[in-house]
4 protein chains.
Amino acid sequence: MSPEKHVIEIQTGTKKIKVGDGSFTVIAGPCSIESYQQFFSTAKVVAEQGASLLRGGVWKLRTSSKTFQGLGGEAFDIVRKVTHEMNMGITIEVTDPRQIEELHPMVSMFQVGSRNMHNYALLKELAKQDKPVLLKRGFAALVSEWLSAAEYINQTGAPKVILCERGIRTFETSTRNTLDLNSAIYAKKNTPYPVIVDPSHGVGISQLVPDLALAATALGIDGLIMEVHPNPKEALSDGMQALTFENYDHLMTKVDKVLTALDRSIQRL
Amino acid sequence: MSPEKHVIEIQTGTKKIKVGDGSFTVIAGPCSIESYQQFFSTAKVVAEQGASLLRGGVWKLRTSSKTFQGLGGEAFDIVRKVTHEMNMGITIEVTDPRQIEELHPMVSMFQVGSRNMHNYALLKELAKQDKPVLLKRGFAALVSEWLSAAEYINQTGAPKVILCERGIRTFETSTRNTLDLNSAIYAKKNTPYPVIVDPSHGVGISQLVPDLALAATALGIDGLIMEVHPNPKEALSDGMQALTFENYDHLMTKVDKVLTALDRSIQRL
Amino acid sequence: MSPEKHVIEIQTGTKKIKVGDGSFTVIAGPCSIESYQQFFSTAKVVAEQGASLLRGGVWKLRTSSKTFQGLGGEAFDIVRKVTHEMNMGITIEVTDPRQIEELHPMVSMFQVGSRNMHNYALLKELAKQDKPVLLKRGFAALVSEWLSAAEYINQTGAPKVILCERGIRTFETSTRNTLDLNSAIYAKKNTPYPVIVDPSHGVGISQLVPDLALAATALGIDGLIMEVHPNPKEALSDGMQALTFENYDHLMTKVDKVLTALDRSIQRL
Amino acid sequence: MSPEKHVIEIQTGTKKIKVGDGSFTVIAGPCSIESYQQFFSTAKVVAEQGASLLRGGVWKLRTSSKTFQGLGGEAFDIVRKVTHEMNMGITIEVTDPRQIEELHPMVSMFQVGSRNMHNYALLKELAKQDKPVLLKRGFAALVSEWLSAAEYINQTGAPKVILCERGIRTFETSTRNTLDLNSAIYAKKNTPYPVIVDPSHGVGISQLVPDLALAATALGIDGLIMEVHPNPKEALSDGMQALTFENYDHLMTKVDKVLTALDRSIQRL
């Protein structure tokens with residue numbers, strides 16, 4: 001099978017990047033936006049070393065109702081300020097169809113999280129707007145279901161879905177999830193959608209994130225999305241899987257080298 | 001562990017039933033409400049033989065955007081008519097926080113489907129209203145995550161959650177799901193929540209539904225929820241797992257006998 | 001599909017039992033044979049209350065090489081003495097093709113454990129001898145692989161395989177395994193083999209074993225195999241899932257009642 | 001944790017290679033040895049392009065008793081002739097404790113297949129001999145069980161176990177297995193054992209094998225084991241996952257480049 005491949009254009013600040021055209025895209029930022037200082041310092045570091053789009057959570061889907069649920073609307077000013085100062089776009093996870101209208105002017109790309117991949121009410125609303133959507137695979141979704149979810153979003157209008165493999169749930173518990181690079185490359189080769197990989201959630205242990213990030217880089221997919229934090233030990237969410245600035249820098253040097261060895265390169269702003 | 005057990009009172013027509021008080025509750029009806037005739041005929045049969053609450057889908061969460069998505073608002077008149085004529089209540093699956101207000105006067109209990117167990121935006125809205133909620137286990141949710149989801153709903157106000165085990169996703173493919181009776185009885189014994197079992201989704205093959213329904217009856221949980229259809233072969237959704245009227249009748253006679261053997265009985269209106 | 005059903009005759013002491021003829025067979029005994037006193041006292045109790053065949057491990061397959069590995073050959077005298085005194089047969093797990101010859105005169109039925117279901121070298125040797133074989137399902141085996149393993153044993157000569165569902169490995173960790181009653185009844189209805197269920201390994205928590213045993217009883221399969229121990233807390237293996245004599249008695253009374261309610265009965269010696 | 005790392009020395013022909021010393025080892029050959037011509041031609045190609053050890057099956061563990069079971073003893077002359085002519089060693093899977101004595105003079109390393117990882121009778125016999133053992137992970141084995149199996153082999157004498165990740169069984173069916181690179185790198189970093197990866201079984205689709213092989217190369221483990229066949233379409237076993245000579249050549253050029261980019265290199269004879 002050799003379907004016609006989608007190339008997704010994303011507006012990031014005053015520039016545009018393309019995903020699915022053969023280049024390699026890096027999206028990075030903190031799990032949650034916690035403060036201006038935390039988000040700005042992270043944005044600066046990731047942008048200097050290869051990231052062309054920011055990530056940052058505003059509403060967090062947390063298993064427990066008693067843990068940090070994100071800053072919510074309070075994060076909006078921080079998002080506007082930092083993306084303006086950096087002249088960069090951001091992808092933010094949307095968790096409720098009622099957030100779409102408010103988020104739309106702020107995001108370069110919507111993100112649908114793993115727990116919402118089957119939330120068809122949300123997917124149908126995203127079908128009605130025009131911005132790209134990063135569709136994370138449900139942690140127990142078959143590839144066929146992932147593609148059906150993409151079709152929900154894609155049912156009206158032009159290509160706008162980027163698939164993101166972020167680890168599946170298996171019997172193994174020594175790592176948080178099982179990063180399924182098999183399905184990532186299967187989807188890349190057998191569907192029209194660009195595919196990126198999230199090694200942060202995929203393995204869930206910061207010491208192993210760079211190893212899986214390099215593996216995904218050599219695999220042949222379209223990019224990476226990663227969590228970076230100025231001080232992972234004090235992160236309000238997912239600190240155990242965030243890279244420090246130093247680890248991120250060190251990793252990106254290697255990502256560069258591996259891509260060069262394979263005649264590819266990081267897409268820079 | 002011996003937590004204080006919740007007893008959930010459900011208004012069904014002009015009467016009330018209790019779940020969690022030791023009695024055995026049967027909820028039955030079609031997967032989707034397709035027409036007045038289909039829903040009314042099913043309601044009559046299941047009510048005659050043990051069901052004290054109806055079930056029927058209005059918005060369906062379907063993997064493919066191209067399959068039947070439920071009648072939506074068109075089903076409301078049918079629901080009102082049939083529940084009034086039968087003097088029985090109904091549980092309907094809610095798939096979007098924006099549906100809650102409209103559904104509230106019509107349902108005796110809200111139902112959260114397996115694919116929405118992790119939809120915390122929805123759970124938080126359900127926490128704000130007063131009716132009981134049937135919380136199906138996510139098909140790949142740990143028991144601990146199921147209980148965390150229950151806490152989202154239960155965070156304000158009185159007990160109102162009934163847990164429903166409906167099969168999990170495993171490597172096995174000869175049946176649609178793997179009904180996890182282990183977790184059903186584990187949750188029953190170790191949490192305050194009543195637990196019911198859905199053998200229809202749990203096994204997904206109509207010929208095997210009665211066998212699993214009997215197994216669940218002998219297990220020691222609080223009841224069953226089952227899909228029944230006048231003509232499963234022509235059902236617009238899930239026909240392969242629906243019981244015919246005859247199979248339902250035949251099964252319920254055995255459910256009765258097994259409960260009697262264990263000094264329990266079906267709660268009848 | 002309605003394949004011709006196999007009825008397996010097992011010599012137990014000077015008598016014979018049949019599995020697969022509609023009757024319900026109970027096999028019980030300790031996980032490991034630890035001493036004459038332990039095995040004899042257990043045998044007496046289980047025989048009085050419904051068991052028509054004993055079980056008892058001689059070589060144990062333990063995950064860790066540092067835990068109790070079974071008495072090995074030292075258990076043989078105990079086995080001979082107790083089976084003679086009780087006039088009952090025993091099923092013993094065989095873990096190495098070189099054990100078959102020595103075990104053959106002692107056992108009424110060989111048992112292949114879950115970890116050896118894929119050990120085709122062992123299965124091929126078992127095909128060459130004449131006694132029945134209890135084939136436990138591999139804890140991650142597809143039903144189709146389980147049936148292929150049965151064919152390895154059955155490839156020469158008359159029917160001699162009884163299938164045993166004993167729990168599969170899934171993502172869930174609140175119970176030791178996930179008892180897959182779906183596959184048990186699927187195999188019962190779609191293959192010629194008799195099927196029994198092992199609730200002890202299937203759930204792995206002694207407080208829940210009776211609940212799952214009752215569920216399996218109502219399911220419609222051919223029997224149960226269970227672990228019973230005079231003092232589970234001091235058992236050298238699997239103590240957390242063994243029934244006390246009292247729990248076993250209490251359970252069997254209920255098994256009897258559920259079978260009677262369904263017009264079946266326990267096969268007694 | 002930073003355990004002292006094992007370096008395993010393997011005699012291959014008249015030379016020696018080391019696994020676990022930082023170098024990258026490639027083991028390659030056909031799934032099954034089918035004929036002198038097939039094995040010799042494959043050996044030549046893989047040796048020219050980076051392989052320092054051969055692989056080739058003699059007894060195959062096949063799910064069905066009706067498929068090709070390997071040449072068995074008939075393969076021995078072929079093995080002796082080809083390894084002599086190539087001055088290279090071979091690793092052969094052992095499936096029965098009774099084969100060890102006969103295989104011992106012929107192999108540079110024993111291989112324990114995925115289905116036998118839990119066959120402790122076999123592991124205990126392998127503990128008694130002196131050659132290295134490649135221990136494939138059971139397709140549903142926890143990392144902790146994999147390490148326990150390694151301990152069975154390692155309980156007497158010097159380090160001799162190399163771990164091999166070869167894909168696990170999950171709910172996903174679009175690829176044959178799910179290659180678990182998370183666990184591969186977890187085991188590499190947290191245990192003393194060298195770790196290699198088998199992308200052939202790991203993904204099970206020949207078109208995707210090179211992609212996963214490159215990902216594993218960049219991951220940071222000790223090597224690869226791969227299936228290569230002169231004519232995969234006519235292979236008697238596992239043809240769907242074997243590389244052609246051309247694909248193997250093409251892949252190895254890239255493996256070389258990726259390793260160089262990461263300051264590593266293939267260990268050549």
# chains A, B, ... in the order shown; residues from 1 in each chain; ligands from 1
$ closest_atom_pairs --of "chain C" --to "chain B" --cutoff "8 Å" --atoms "only C-alpha atoms" --output "CSV"
residue,atom,partner,partner_atom,distance
C:Ala140,CA,B:Phe171,CA,7.6
C:Ala141,CA,B:Glu172,CA,7.9
C:Leu142,CA,B:Glu172,CA,5.6
C:Val143,CA,B:Ser174,CA,7.0
C:Thr170,CA,B:Thr170,CA,6.1
C:Phe171,CA,B:Leu142,CA,7.3
C:Glu172,CA,B:Leu142,CA,5.6
C:Thr173,CA,B:Leu142,CA,7.6
C:Ser174,CA,B:Val143,CA,7.0
C:Thr175,CA,B:Asn182,CA,6.8
C:Thr178,CA,B:Asn182,CA,6.3
C:Leu179,CA,B:Asn182,CA,6.6
C:Asp180,CA,B:Thr178,CA,6.4
C:Leu181,CA,B:Leu179,CA,7.3
C:Asn182,CA,B:Val203,CA,6.1
C:Ser183,CA,B:Thr175,CA,7.2
C:Ile185,CA,B:Leu208,CA,7.4
C:Tyr186,CA,B:Leu208,CA,7.4
C:Val203,CA,B:Asn182,CA,6.1
C:Leu208,CA,B:Ile185,CA,7.4
C:Asp211,CA,B:Leu219,CA,5.0
C:Leu212,CA,B:Leu219,CA,6.2
C:Leu214,CA,B:Ala218,CA,5.7
C:Ala215,CA,B:Ala215,CA,4.0
C:Ala216,CA,B:Ala215,CA,6.0
C:Thr217,CA,B:Ala215,CA,7.3
C:Ala218,CA,B:Ala215,CA,5.0
C:Leu219,CA,B:Ala215,CA,4.8
C:Gly220,CA,B:Asp211,CA,6.7
C:Lys254,CA,B:Leu262,CA,7.1
C:Lys257,CA,B:Ala261,CA,5.5
C:Val258,CA,B:Val258,CA,5.7
C:Ala261,CA,B:Lys257,CA,5.5
C:Leu262,CA,B:Lys254,CA,7.1
$ select_by_dssp --residues "stretch 15-140 of chain B" --states "strand (DSSP E or B)" --output "ChimeraX atom specification"
/B:15-19,24-29,32,51-55,57,90-93,109-112,133-136
$ closest_residue --among "D:Met88, D:Val195, D:Thr83, D:Ser200" --to "D:Val133" --atoms "only C-alpha atoms"
D:Val195
$ residues_around --residues "A:Leu61" --least-positions-apart "3" --cutoff "12 Å" --atoms "only C-alpha atoms" --output "ChimeraX atom specification"
/A:31-32,57-58,64-70,72,93-96,112-116,237-238 /B:117-124,148-149,152
$ residues_around --residues "stretch 28-30 of chain B" --least-positions-apart "5" --cutoff "6 Å" --atoms "only C-alpha atoms" --output "list in words"
Leu54, Arg55, Gly56, Ile225, Met226, Glu227, Val228 and His229 of chain B
$ atom_distance --atom1 "atom CA of A:Glu9" --atom2 "atom CA of A:Gly22"
12.8 Å
$ residues_around --residues "A:Asp130" --least-positions-apart "4" --cutoff "10 Å" --atoms "only C-alpha atoms" --output "PyMOL selection string"
chain A and resi 104+109+126+156-160
$ write_last_selection --atoms "C-alpha atoms" --output "short mmCIF file (atom, residue, chain, number, x, y, z; two decimals), in the first residue's frame"
data_model
loop_
_atom_site.label_atom_id
_atom_site.label_comp_id
_atom_site.auth_asym_id
_atom_site.auth_seq_id
_atom_site.Cartn_x
_atom_site.Cartn_y
_atom_site.Cartn_z
CA HIS A 104 -8.45 28.39 18.83
CA MET A 109 -2.26 22.92 16.65
CA LEU A 126 -12.42 19.38 16.08
CA THR A 156 -14.76 17.40 6.49
CA GLY A 157 -12.14 19.44 4.70
CA ALA A 158 -8.42 19.14 4.08
CA PRO A 159 -5.78 16.96 5.75
CA LYS A 160 -5.02 18.17 9.24
#
$ atom_distance --atom1 "atom CA of C:Gln155" --atom2 "atom CA of C:Lys136"
17.7 Å
$ closest_residue --among "B:Gly73, B:Gly50, B:Pro192, B:Gly13" --to "B:Ile33" --atoms "only C-alpha atoms"
B:Gly73
$ closest_residue --among "A:Val7, A:Ala43, A:Gln267, A:Phe76" --to "A:Glu102" --atoms "only C-alpha atoms"
A:Phe76
$ closest_residue --among "A:Leu269, A:Lys131, A:Trp59, A:Val19" --to "A:Leu163" --atoms "only C-alpha atoms"
A:Val19
$ atom_distance --atom1 "atom CA of C:Lys5" --atom2 "atom CA of C:Pro97"
28.5 Å
